[in-house]
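J.: Okay, so here is query-v7.cif, and as you'll see once you scroll down, it has mmCIF, C-alpha atoms and all ligand atoms.
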```cif
data_work
#
loop_
_atom_site.label_atom_id
_atom_site.label_comp_id
_atom_site.auth_asym_id
_atom_site.auth_seq_id
_atom_site.Cartn_x
_atom_site.Cartn_y
_atom_site.Cartn_z
CA MET A 1 98.28 119.90 106.83
CA ARG A 2 96.83 119.00 110.21
CA ILE A 3 93.12 118.23 110.44
CA ALA A 4 91.41 118.17 113.82
CA ASN A 5 87.94 118.12 115.35
CA ARG A 6 86.78 120.95 117.54
CA GLY A 7 83.25 120.67 118.94
CA GLY A 8 82.21 118.29 116.18
CA ARG A 9 83.52 120.54 113.38
CA ALA A 10 86.49 119.89 111.13
CA VAL A 11 89.29 122.44 111.57
CA LEU A 12 92.71 122.95 110.04
CA LEU A 13 95.38 123.52 112.66
CA GLY A 14 98.17 126.07 112.33
CA GLN A 15 100.68 127.37 114.87
CA GLY A 16 98.37 127.91 117.89
CA VAL A 17 95.37 128.59 115.67
CA ALA A 18 92.47 126.67 114.14
CA LEU A 19 90.54 127.45 110.99
CA ASP A 20 86.97 126.18 110.65
CA VAL A 21 86.80 124.17 107.43
CA ALA A 22 83.12 124.79 106.65
CA THR A 23 83.45 128.54 107.16
CA ALA A 24 86.72 128.88 105.25
CA SER A 25 85.43 126.80 102.32
CA SER A 26 82.03 128.59 102.28
CA GLY A 27 80.30 125.31 103.01
CA ARG A 28 82.06 123.27 100.33
CA PHE A 29 83.66 120.94 102.94
CA GLY A 30 82.69 119.97 106.48
CA PRO A 31 81.56 120.85 109.07
CA ASP A 32 81.28 117.09 109.82
CA PRO A 33 84.87 115.84 110.36
CA MET A 34 83.97 112.63 108.50
CA ALA A 35 82.87 114.55 105.38
CA VAL A 36 86.42 115.58 104.49
CA TYR A 37 87.40 111.92 103.96
CA ARG A 38 84.42 111.25 101.69
CA ALA A 39 85.74 114.00 99.39
CA TRP A 40 89.38 113.46 100.28
CA ARG A 41 91.07 114.32 96.97
CA GLU A 42 89.13 117.55 96.44
CA PHE A 43 89.48 118.49 100.09
CA ALA A 44 93.25 117.87 100.14
CA ALA A 45 93.69 119.94 96.98
CA TRP A 46 91.68 122.82 98.47
CA ALA A 47 93.34 122.64 101.91
CA SER A 48 96.87 122.55 100.53
CA GLY A 49 96.29 126.06 99.19
CA ILE A 50 95.27 127.45 102.59
CA ASP A 51 97.74 129.30 104.83
CA VAL A 52 96.04 128.71 108.19
CA GLY A 53 98.22 131.14 110.14
CA ALA A 54 97.63 133.98 107.66
CA ASP A 55 93.87 133.48 107.39
CA PRO A 56 91.98 136.25 109.25
CA ALA A 57 89.24 133.75 110.20
CA ALA A 58 91.72 131.55 112.13
CA GLN A 59 91.03 131.48 115.87
CA PRO A 60 93.42 130.83 118.77
CA VAL A 61 93.24 127.25 120.00
CA GLU A 62 94.39 125.98 123.38
CA GLY A 63 96.02 122.58 123.81
CA ALA A 64 92.88 121.01 125.23
CA GLY A 65 89.45 121.12 123.71
CA LEU A 66 89.98 118.89 120.69
CA ASP A 67 87.86 115.81 120.08
CA ALA A 68 88.70 112.58 118.23
CA PRO A 69 89.95 113.78 114.81
CA VAL A 70 88.07 110.95 113.07
CA PRO A 71 85.09 110.47 115.39
CA ALA A 72 82.83 108.04 113.52
CA PRO A 73 84.64 105.75 111.08
CA GLN A 74 82.61 102.84 109.68
CA GLN A 75 85.44 100.42 110.44
CA VAL A 76 88.31 100.39 112.92
CA PHE A 77 90.94 97.75 112.23
CA ALA A 78 93.66 96.84 114.70
CA ILE A 79 96.70 94.71 114.08
CA GLY A 80 98.22 92.34 116.64
CA LEU A 81 101.89 91.35 116.99
CA ASN A 82 103.07 93.78 114.33
CA TYR A 83 106.46 94.58 115.92
CA ALA A 84 108.93 91.71 116.28
CA ASP A 85 110.11 92.74 119.77
CA HIS A 86 106.50 92.94 121.00
CA ALA A 87 105.69 89.49 119.60
CA LYS A 88 108.74 88.21 121.46
CA GLU A 89 107.69 89.70 124.82
CA THR A 90 104.26 88.07 124.54
CA GLY A 91 105.89 84.72 123.74
CA MET A 92 104.06 84.46 120.40
CA ALA A 93 105.47 83.65 116.97
CA LEU A 94 105.45 86.39 114.33
CA PRO A 95 102.30 86.06 112.20
CA GLU A 96 102.72 85.23 108.51
CA ASP A 97 99.63 87.27 107.70
CA PRO A 98 98.47 90.35 109.62
CA LEU A 99 96.57 89.40 112.76
CA VAL A 100 93.46 91.57 112.41
CA PHE A 101 90.84 92.39 115.01
CA THR A 102 88.58 95.37 115.68
CA LYS A 103 88.18 98.09 118.24
CA PHE A 104 84.52 99.03 118.04
CA PRO A 105 84.10 102.70 116.98
CA SER A 106 82.16 103.60 120.14
CA ALA A 107 85.45 103.26 122.07
CA LEU A 108 86.95 106.22 120.21
CA ALA A 109 87.83 109.34 122.18
CA GLY A 110 89.84 112.52 121.82
CA PRO A 111 93.44 113.31 122.70
CA GLU A 112 92.99 114.53 126.32
CA THR A 113 90.63 112.32 128.28
CA THR A 114 89.83 110.68 131.58
CA VAL A 115 89.30 106.93 131.29
CA ARG A 116 87.54 104.69 133.81
CA LEU A 117 89.50 101.47 134.27
CA SER A 118 87.38 98.37 133.64
CA GLY A 119 89.50 96.19 135.92
CA ASP A 120 92.94 95.65 137.42
CA ARG A 121 94.59 94.27 134.25
CA VAL A 122 94.24 97.18 131.81
CA ASP A 123 97.32 97.61 129.63
CA TRP A 124 98.79 100.30 127.38
CA GLU A 125 99.70 99.95 123.69
CA ALA A 126 101.10 103.04 121.94
CA GLU A 127 100.08 102.84 118.28
CA LEU A 128 100.48 104.63 114.98
CA VAL A 129 96.99 105.01 113.51
CA ALA A 130 96.47 105.30 109.75
CA VAL A 131 93.42 107.13 108.39
CA VAL A 132 92.01 105.90 105.08
CA GLY A 133 91.22 108.52 102.41
CA GLU A 134 88.54 107.72 99.87
CA GLY A 135 89.02 103.98 100.30
CA GLY A 136 88.14 101.18 97.92
CA ARG A 137 88.98 97.55 97.21
CA ASP A 138 92.19 95.92 96.00
CA LEU A 139 94.35 98.95 96.76
CA PRO A 140 98.07 98.79 95.93
CA ALA A 141 100.72 98.81 98.68
CA THR A 142 101.42 102.55 98.49
CA TRP A 143 100.72 105.56 100.71
CA ASP A 144 98.22 106.95 98.16
CA ALA A 145 95.13 105.57 99.90
CA VAL A 146 96.18 106.98 103.28
CA ALA A 147 94.83 110.45 104.13
CA GLY A 148 97.12 110.82 107.12
CA LEU A 149 98.40 109.49 110.41
CA THR A 150 97.55 110.14 114.03
CA VAL A 151 98.50 108.96 117.53
CA GLY A 152 96.44 106.26 119.24
CA GLN A 153 96.35 104.09 122.33
CA ASP A 154 95.00 100.55 122.04
CA LEU A 155 93.97 100.31 125.70
CA SER A 156 93.36 96.66 126.47
CA ASP A 157 91.65 94.86 129.35
CA ARG A 158 93.82 91.72 129.31
CA THR A 159 91.34 89.72 131.41
CA VAL A 160 88.50 90.29 128.94
CA GLN A 161 90.75 90.13 125.87
CA ASN A 162 92.10 86.68 126.73
CA ARG A 163 88.89 85.18 128.13
CA GLY A 164 87.93 81.70 126.92
CA ASP A 165 89.84 79.07 124.98
CA ARG A 166 89.41 80.97 121.67
CA PRO A 167 90.05 84.56 122.81
CA GLN A 168 88.30 87.30 120.83
CA PHE A 169 90.02 90.65 121.25
CA GLY A 170 87.20 93.05 120.29
CA LEU A 171 85.37 93.57 123.58
CA GLY A 172 88.44 93.76 125.82
CA LYS A 173 89.74 96.62 123.69
CA SER A 174 86.46 98.51 123.32
CA PHE A 175 85.43 99.77 126.77
CA ALA A 176 84.43 103.46 126.86
CA GLY A 177 87.37 105.64 125.91
CA TYR A 178 89.72 102.71 125.19
CA ALA A 179 90.62 104.11 121.76
CA PRO A 180 91.91 107.66 122.38
CA THR A 181 93.26 109.34 119.25
CA GLY A 182 94.62 112.67 118.12
CA PRO A 183 95.46 115.45 118.42
CA ALA A 184 95.17 115.76 114.62
CA VAL A 185 95.40 113.80 111.40
CA VAL A 186 98.72 114.80 109.84
CA THR A 187 98.82 114.33 106.09
CA ILE A 188 101.51 112.21 104.48
CA ASP A 189 103.05 115.11 102.51
CA GLU A 190 103.31 117.26 105.64
CA LEU A 191 104.97 114.49 107.64
CA ARG A 192 107.29 113.52 104.82
CA ALA A 193 108.60 117.09 104.62
CA GLY A 194 110.26 116.87 108.05
CA HIS A 195 110.48 113.21 109.02
CA ASP A 196 111.32 109.74 107.79
CA LEU A 197 107.84 108.37 107.20
CA ASP A 198 109.10 104.82 107.65
CA ALA A 199 110.96 105.38 110.92
CA LEU A 200 108.89 107.49 113.33
CA ARG A 201 109.80 107.34 116.99
CA ILE A 202 106.83 106.00 119.00
CA GLY A 203 106.34 105.50 122.71
CA CYS A 204 104.52 106.25 125.92
CA ARG A 205 105.33 107.22 129.50
CA VAL A 206 103.44 107.22 132.77
CA SER A 207 103.39 109.40 135.88
CA GLU A 208 101.47 109.19 139.13
CA ASP A 209 99.92 112.23 140.80
CA GLY A 210 102.03 114.74 138.93
CA GLY A 211 105.26 112.90 139.79
CA GLU A 212 108.17 112.16 137.51
CA GLU A 213 107.48 110.42 134.21
CA ARG A 214 108.66 106.87 133.60
CA VAL A 215 109.18 105.57 130.04
CA LEU A 216 107.09 102.48 129.24
CA GLN A 217 107.56 102.09 125.49
CA ASP A 218 110.17 103.61 123.20
CA GLY A 219 110.31 102.19 119.69
CA THR A 220 110.32 103.09 116.02
CA THR A 221 107.87 102.35 113.23
CA ALA A 222 110.87 101.11 111.22
CA ASP A 223 110.29 97.85 113.14
CA LEU A 224 106.73 97.33 111.83
CA VAL A 225 106.35 93.82 110.43
CA PHE A 226 103.58 94.88 108.04
CA THR A 227 103.96 98.54 107.03
CA VAL A 228 101.01 100.90 106.62
CA PRO A 229 100.94 100.56 102.78
CA GLU A 230 101.16 96.76 103.12
CA LEU A 231 98.26 96.73 105.60
CA VAL A 232 96.11 98.87 103.28
CA HIS A 233 96.87 96.44 100.47
CA ARG A 234 96.14 93.28 102.44
CA LEU A 235 93.00 94.56 104.20
CA SER A 236 91.51 95.92 100.98
CA ALA A 237 92.04 92.56 99.29
CA VAL A 238 89.30 91.26 101.59
CA VAL A 239 87.12 94.18 102.72
CA GLU A 240 86.21 97.48 101.12
CA LEU A 241 87.99 100.28 102.94
CA ARG A 242 85.65 103.19 103.58
CA PRO A 243 86.49 106.91 103.82
CA GLY A 244 87.95 107.72 107.23
CA ASP A 245 88.41 104.11 108.35
CA LEU A 246 91.11 103.73 111.00
CA ILE A 247 93.90 101.18 111.17
CA PHE A 248 95.62 100.79 114.57
CA THR A 249 98.90 99.33 113.35
CA GLY A 250 100.17 97.51 116.44
CA THR A 251 102.46 98.32 119.33
CA PRO A 252 106.20 98.06 120.01
CA SER A 253 107.57 96.21 123.06
CA GLY A 254 107.15 97.46 126.62
CA VAL A 255 103.51 96.62 127.37
CA GLY A 256 102.60 95.73 130.96
CA LEU A 257 101.70 92.14 130.13
CA GLY A 258 105.24 91.45 128.92
CA ARG A 259 106.95 92.85 132.06
CA SER A 260 108.36 90.91 134.93
CA PRO A 261 106.56 91.36 137.20
CA GLN A 262 103.55 92.27 135.09
CA GLU A 263 102.25 95.80 135.52
CA PHE A 264 98.91 97.39 134.67
CA LEU A 265 97.35 100.86 134.75
CA LYS A 266 96.24 102.20 138.13
CA PRO A 267 93.78 104.93 139.14
CA GLY A 268 95.48 108.31 139.32
CA GLN A 269 98.09 107.53 136.69
CA VAL A 270 98.56 109.76 133.67
CA LEU A 271 99.66 108.10 130.41
CA THR A 272 101.28 110.24 127.70
CA THR A 273 101.65 108.72 124.24
CA GLU A 274 103.84 110.42 121.65
CA ILE A 275 104.78 109.84 118.02
CA GLU A 276 107.40 111.91 116.26
CA GLY A 277 105.83 114.53 114.00
CA LEU A 278 102.28 113.70 115.11
CA GLY A 279 102.12 115.01 118.68
CA THR A 280 100.95 113.63 122.00
CA ILE A 281 97.76 112.35 123.60
CA ARG A 282 97.23 112.15 127.36
CA GLN A 283 94.92 109.90 129.38
CA THR A 284 94.18 110.11 133.11
CA PHE A 285 92.79 106.97 134.76
CA THR A 286 90.13 106.57 137.43
CA ALA A 287 88.75 103.52 139.25
ZN ZN B 1 97.30 96.92 119.76
#
```
If you took the structure in this file and wrote it as structure tokens, what would it be?

T.:
Amino acid sequence: MRIANRGGRAVLLGQGVALDVATASSGRFGPDPMAVYRAWREFAAWASGIDVGADPAAQPVEGAGLDAPVPAPQQVFAIGLNYADHAKETGMALPEDPLVFTKFPSALAGPETTVRLSGDRVDWEAELVAVVGEGGRDLPATWDAVAGLTVGQDLSDRTVQNRGDRPQFGLGKSFAGYAPTGPAVVTIDELRAGHDLDALRIGCRVSEDGGEERVLQDGTTADLVFTVPELVHRLSAVVELRPGDLIFTGTPSGVGLGRSPQEFLKPGQVLTTEIEGLGTIRQTFTA
């Protein structure tokens, strides 16, 4: 199933239609998009029996108009240097343990947004984002604790990110709208039915003023150093994972910082980020 957020209400997406979760469940689940993760097992069991397209209450939905599918998680984890080719382009050694930082939740935004650039060194990072189900501590390295996956961009102001002699990544990656996500959370069973869960194609491309698109990143999640189940295991060994927490799992090679010459996002550019089986998100940049 595909779970999205329309106007602050949880919806199930079908082919061109959306079904309001609170209405369809007679108030048992939703309308708050975060509520479905707090009751994840019951919700998933209920939703798996729903045929969205055949439900008379389903309404047509246009491409735009969706908000961040998980709008207010308690914790947002992000992982650095989690693809070998990306670590190489930044000149850093592969970490022996996941390199964990945060994107503050107020940076979260929906799938189709306009983002104001905070400076002239703002970079792109296409990322697979895992959504935690009911959460807990000391979780095993399996997919069971993961409610689903979505597309994200870890937009990064490199000047702010690398400031000081002990750089702290949080602020440089948390300007308004620097964590766009969506369009929906796709559950593991749905994705598994049509795709190799461990080898999803991931990338992003840019265009200026409606011109031709240029590919910036084109990788596969088969190259993840620490897989999603491994990250859930290692994070939960330290912190309690809460329902709906997000894990930005790192980016493949092709970021602007690693290019020669270096390249960063400019006003007027449109960045499209796509992951196989999950969909696309699109950001337009202004000064
Ligand atoms: Zn990142």

J.: Write as number ranges by chain the residues around ligand ZN 1 (chain B), taking 6 Å as the cut-off and counting only C-alpha atoms and all ligand atoms.

T.: A: 80, 125, 154, 250-251

J.: What are the closest atom pairs, with distances in Å to one decimal, for all residues of region 105-190 of chain A lying within 12 Å of region 211-225 of chain A? Consider only C-alpha atoms, order rows by chain and residue number, and present the result as a Markdown table.

T.:
```
| residue | atom | partner | partner_atom | distance |
| --- | --- | --- | --- | --- |
| A:Asp123 | CA | A:Leu216 | CA | 10.9 |
| A:Trp124 | CA | A:Leu216 | CA | 8.8 |
| A:Glu125 | CA | A:Gln217 | CA | 8.3 |
| A:Ala126 | CA | A:Gln217 | CA | 7.4 |
| A:Glu127 | CA | A:Thr221 | CA | 9.3 |
| A:Leu128 | CA | A:Thr221 | CA | 7.9 |
| A:Val129 | CA | A:Thr221 | CA | 11.2 |
| A:Gln153 | CA | A:Gln217 | CA | 11.8 |
```

J.: Could you turn the residues from that selection into a file that holds C-alpha atoms, as a PDB file, in the coordinates of the input?

T.:
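part_13.pdb, written as the output of this step:
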```pdb
ATOM      1  CA  ASP A 123      97.320  97.610 129.630  1.00  0.00           C
ATOM      2  CA  TRP A 124      98.790 100.300 127.380  1.00  0.00           C
ATOM      3  CA  GLU A 125      99.700  99.950 123.690  1.00  0.00           C
ATOM      4  CA  ALA A 126     101.100 103.040 121.940  1.00  0.00           C
ATOM      5  CA  GLU A 127     100.080 102.840 118.280  1.00  0.00           C
ATOM      6  CA  LEU A 128     100.480 104.630 114.980  1.00  0.00           C
ATOM      7  CA  VAL A 129      96.990 105.010 113.510  1.00  0.00           C
ATOM      8  CA  GLN A 153      96.350 104.090 122.330  1.00  0.00           C
TER       9      GLN A 153
END
```

J.: Please compute the CA of Thr90 (chain A)-CA of Gly258 (chain A) distance, one decimal, in Å.

T.: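 Result for CA of Thr90 (chain A) versus CA of Gly258 (chain A): 5.6 Å, one decimal.
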
J.: Rank nothing, just name the residue among A:Pro31, A:Pro56, A:Gly182, A:Pro71 nearest to Thr150 (chain A), using all atoms listed in the file.

T.: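 The answer is A:Gly182, which sits nearest to Thr150 (chain A).
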
J.: Between A:Ala107, A:Trp143, A:Asp245, A:Glu134, which has the minimum distance to Ala176 (chain A) (counting all atoms listed in the file)?

T.: A:Ala107

J.: Could you get me a file of region 192-211 of chain A with N, CA, C and O atoms, as an mmCIF file, in the first residue's frame, taken from the block above?

T.:
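So the final result, stored in selection32.cif, reads:
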```cif
data_model
loop_
_atom_site.group_PDB
_atom_site.id
_atom_site.type_symbol
_atom_site.label_atom_id
_atom_site.label_comp_id
_atom_site.auth_asym_id
_atom_site.auth_seq_id
_atom_site.Cartn_x
_atom_site.Cartn_y
_atom_site.Cartn_z
ATOM 1 N N ARG A 192 8.211 -5.111 -2.448
ATOM 2 C CA ARG A 192 8.805 -6.429 -2.670
ATOM 3 C C ARG A 192 8.102 -7.182 -3.805
ATOM 4 O O ARG A 192 8.720 -7.979 -4.500
ATOM 5 N N ALA A 193 6.811 -6.903 -3.979
ATOM 6 C CA ALA A 193 6.034 -7.616 -4.998
ATOM 7 C C ALA A 193 6.524 -7.316 -6.411
ATOM 8 O O ALA A 193 6.364 -8.140 -7.315
ATOM 9 N N GLY A 194 7.128 -6.141 -6.637
ATOM 10 C CA GLY A 194 7.520 -5.794 -8.001
ATOM 11 C C GLY A 194 8.976 -5.415 -8.186
ATOM 12 O O GLY A 194 9.412 -5.135 -9.299
ATOM 13 N N HIS A 195 9.734 -5.371 -7.077
ATOM 14 C CA HIS A 195 11.104 -4.872 -7.169
ATOM 15 C C HIS A 195 12.034 -5.647 -6.233
ATOM 16 O O HIS A 195 11.575 -6.279 -5.296
ATOM 17 N N ASP A 196 13.322 -5.539 -6.531
ATOM 18 C CA ASP A 196 14.325 -6.106 -5.629
ATOM 19 C C ASP A 196 14.579 -5.068 -4.540
ATOM 20 O O ASP A 196 15.216 -4.037 -4.780
ATOM 21 N N LEU A 197 14.066 -5.365 -3.365
ATOM 22 C CA LEU A 197 14.129 -4.444 -2.230
ATOM 23 C C LEU A 197 15.554 -4.001 -1.923
ATOM 24 O O LEU A 197 15.784 -2.916 -1.401
ATOM 25 N N ASP A 198 16.517 -4.845 -2.240
ATOM 26 C CA ASP A 198 17.908 -4.557 -1.895
ATOM 27 C C ASP A 198 18.703 -3.964 -3.053
ATOM 28 O O ASP A 198 19.919 -3.832 -2.956
ATOM 29 N N ALA A 199 18.035 -3.628 -4.141
ATOM 30 C CA ALA A 199 18.733 -3.042 -5.291
ATOM 31 C C ALA A 199 17.768 -2.125 -6.043
ATOM 32 O O ALA A 199 17.350 -2.410 -7.155
ATOM 33 N N LEU A 200 17.415 -1.002 -5.400
ATOM 34 C CA LEU A 200 16.509 -0.040 -6.033
ATOM 35 C C LEU A 200 17.340 1.040 -6.717
ATOM 36 O O LEU A 200 18.281 1.575 -6.135
ATOM 37 N N ARG A 201 16.972 1.344 -7.947
ATOM 38 C CA ARG A 201 17.692 2.399 -8.656
ATOM 39 C C ARG A 201 17.353 3.749 -8.023
ATOM 40 O O ARG A 201 16.185 4.031 -7.746
ATOM 41 N N ILE A 202 18.359 4.566 -7.776
ATOM 42 C CA ILE A 202 18.161 5.852 -7.087
ATOM 43 C C ILE A 202 18.978 6.932 -7.787
ATOM 44 O O ILE A 202 20.120 6.687 -8.180
ATOM 45 N N GLY A 203 18.386 8.101 -7.971
ATOM 46 C CA GLY A 203 19.148 9.172 -8.596
ATOM 47 C C GLY A 203 18.399 10.482 -8.629
ATOM 48 O O GLY A 203 17.268 10.592 -8.146
ATOM 49 N N CYS A 204 19.045 11.496 -9.196
ATOM 50 C CA CYS A 204 18.390 12.778 -9.396
ATOM 51 C C CYS A 204 18.935 13.457 -10.639
ATOM 52 O O CYS A 204 19.998 13.101 -11.147
ATOM 53 N N ARG A 205 18.140 14.387 -11.161
ATOM 54 C CA ARG A 205 18.511 15.123 -12.368
ATOM 55 C C ARG A 205 18.054 16.564 -12.225
ATOM 56 O O ARG A 205 17.130 16.860 -11.461
ATOM 57 N N VAL A 206 18.710 17.440 -12.980
ATOM 58 C CA VAL A 206 18.424 18.873 -12.838
ATOM 59 C C VAL A 206 18.121 19.474 -14.205
ATOM 60 O O VAL A 206 18.617 18.996 -15.230
ATOM 61 N N SER A 207 17.280 20.503 -14.203
ATOM 62 C CA SER A 207 17.032 21.250 -15.443
ATOM 63 C C SER A 207 16.950 22.721 -15.085
ATOM 64 O O SER A 207 16.666 23.079 -13.944
ATOM 65 N N GLU A 208 17.252 23.587 -16.037
ATOM 66 C CA GLU A 208 17.116 25.020 -15.795
ATOM 67 C C GLU A 208 16.057 25.600 -16.717
ATOM 68 O O GLU A 208 16.070 25.343 -17.915
ATOM 69 N N ASP A 209 15.140 26.341 -16.124
ATOM 70 C CA ASP A 209 14.103 27.048 -16.887
ATOM 71 C C ASP A 209 13.418 26.165 -17.923
ATOM 72 O O ASP A 209 13.287 26.561 -19.088
ATOM 73 N N GLY A 210 13.021 24.998 -17.515
ATOM 74 C CA GLY A 210 12.269 24.126 -18.409
ATOM 75 C C GLY A 210 13.102 23.497 -19.513
ATOM 76 O O GLY A 210 12.560 22.881 -20.427
ATOM 77 N N GLY A 211 14.434 23.652 -19.426
ATOM 78 C CA GLY A 211 15.320 23.061 -20.430
ATOM 79 C C GLY A 211 15.480 21.570 -20.256
ATOM 80 O O GLY A 211 14.776 20.943 -19.453
#
```
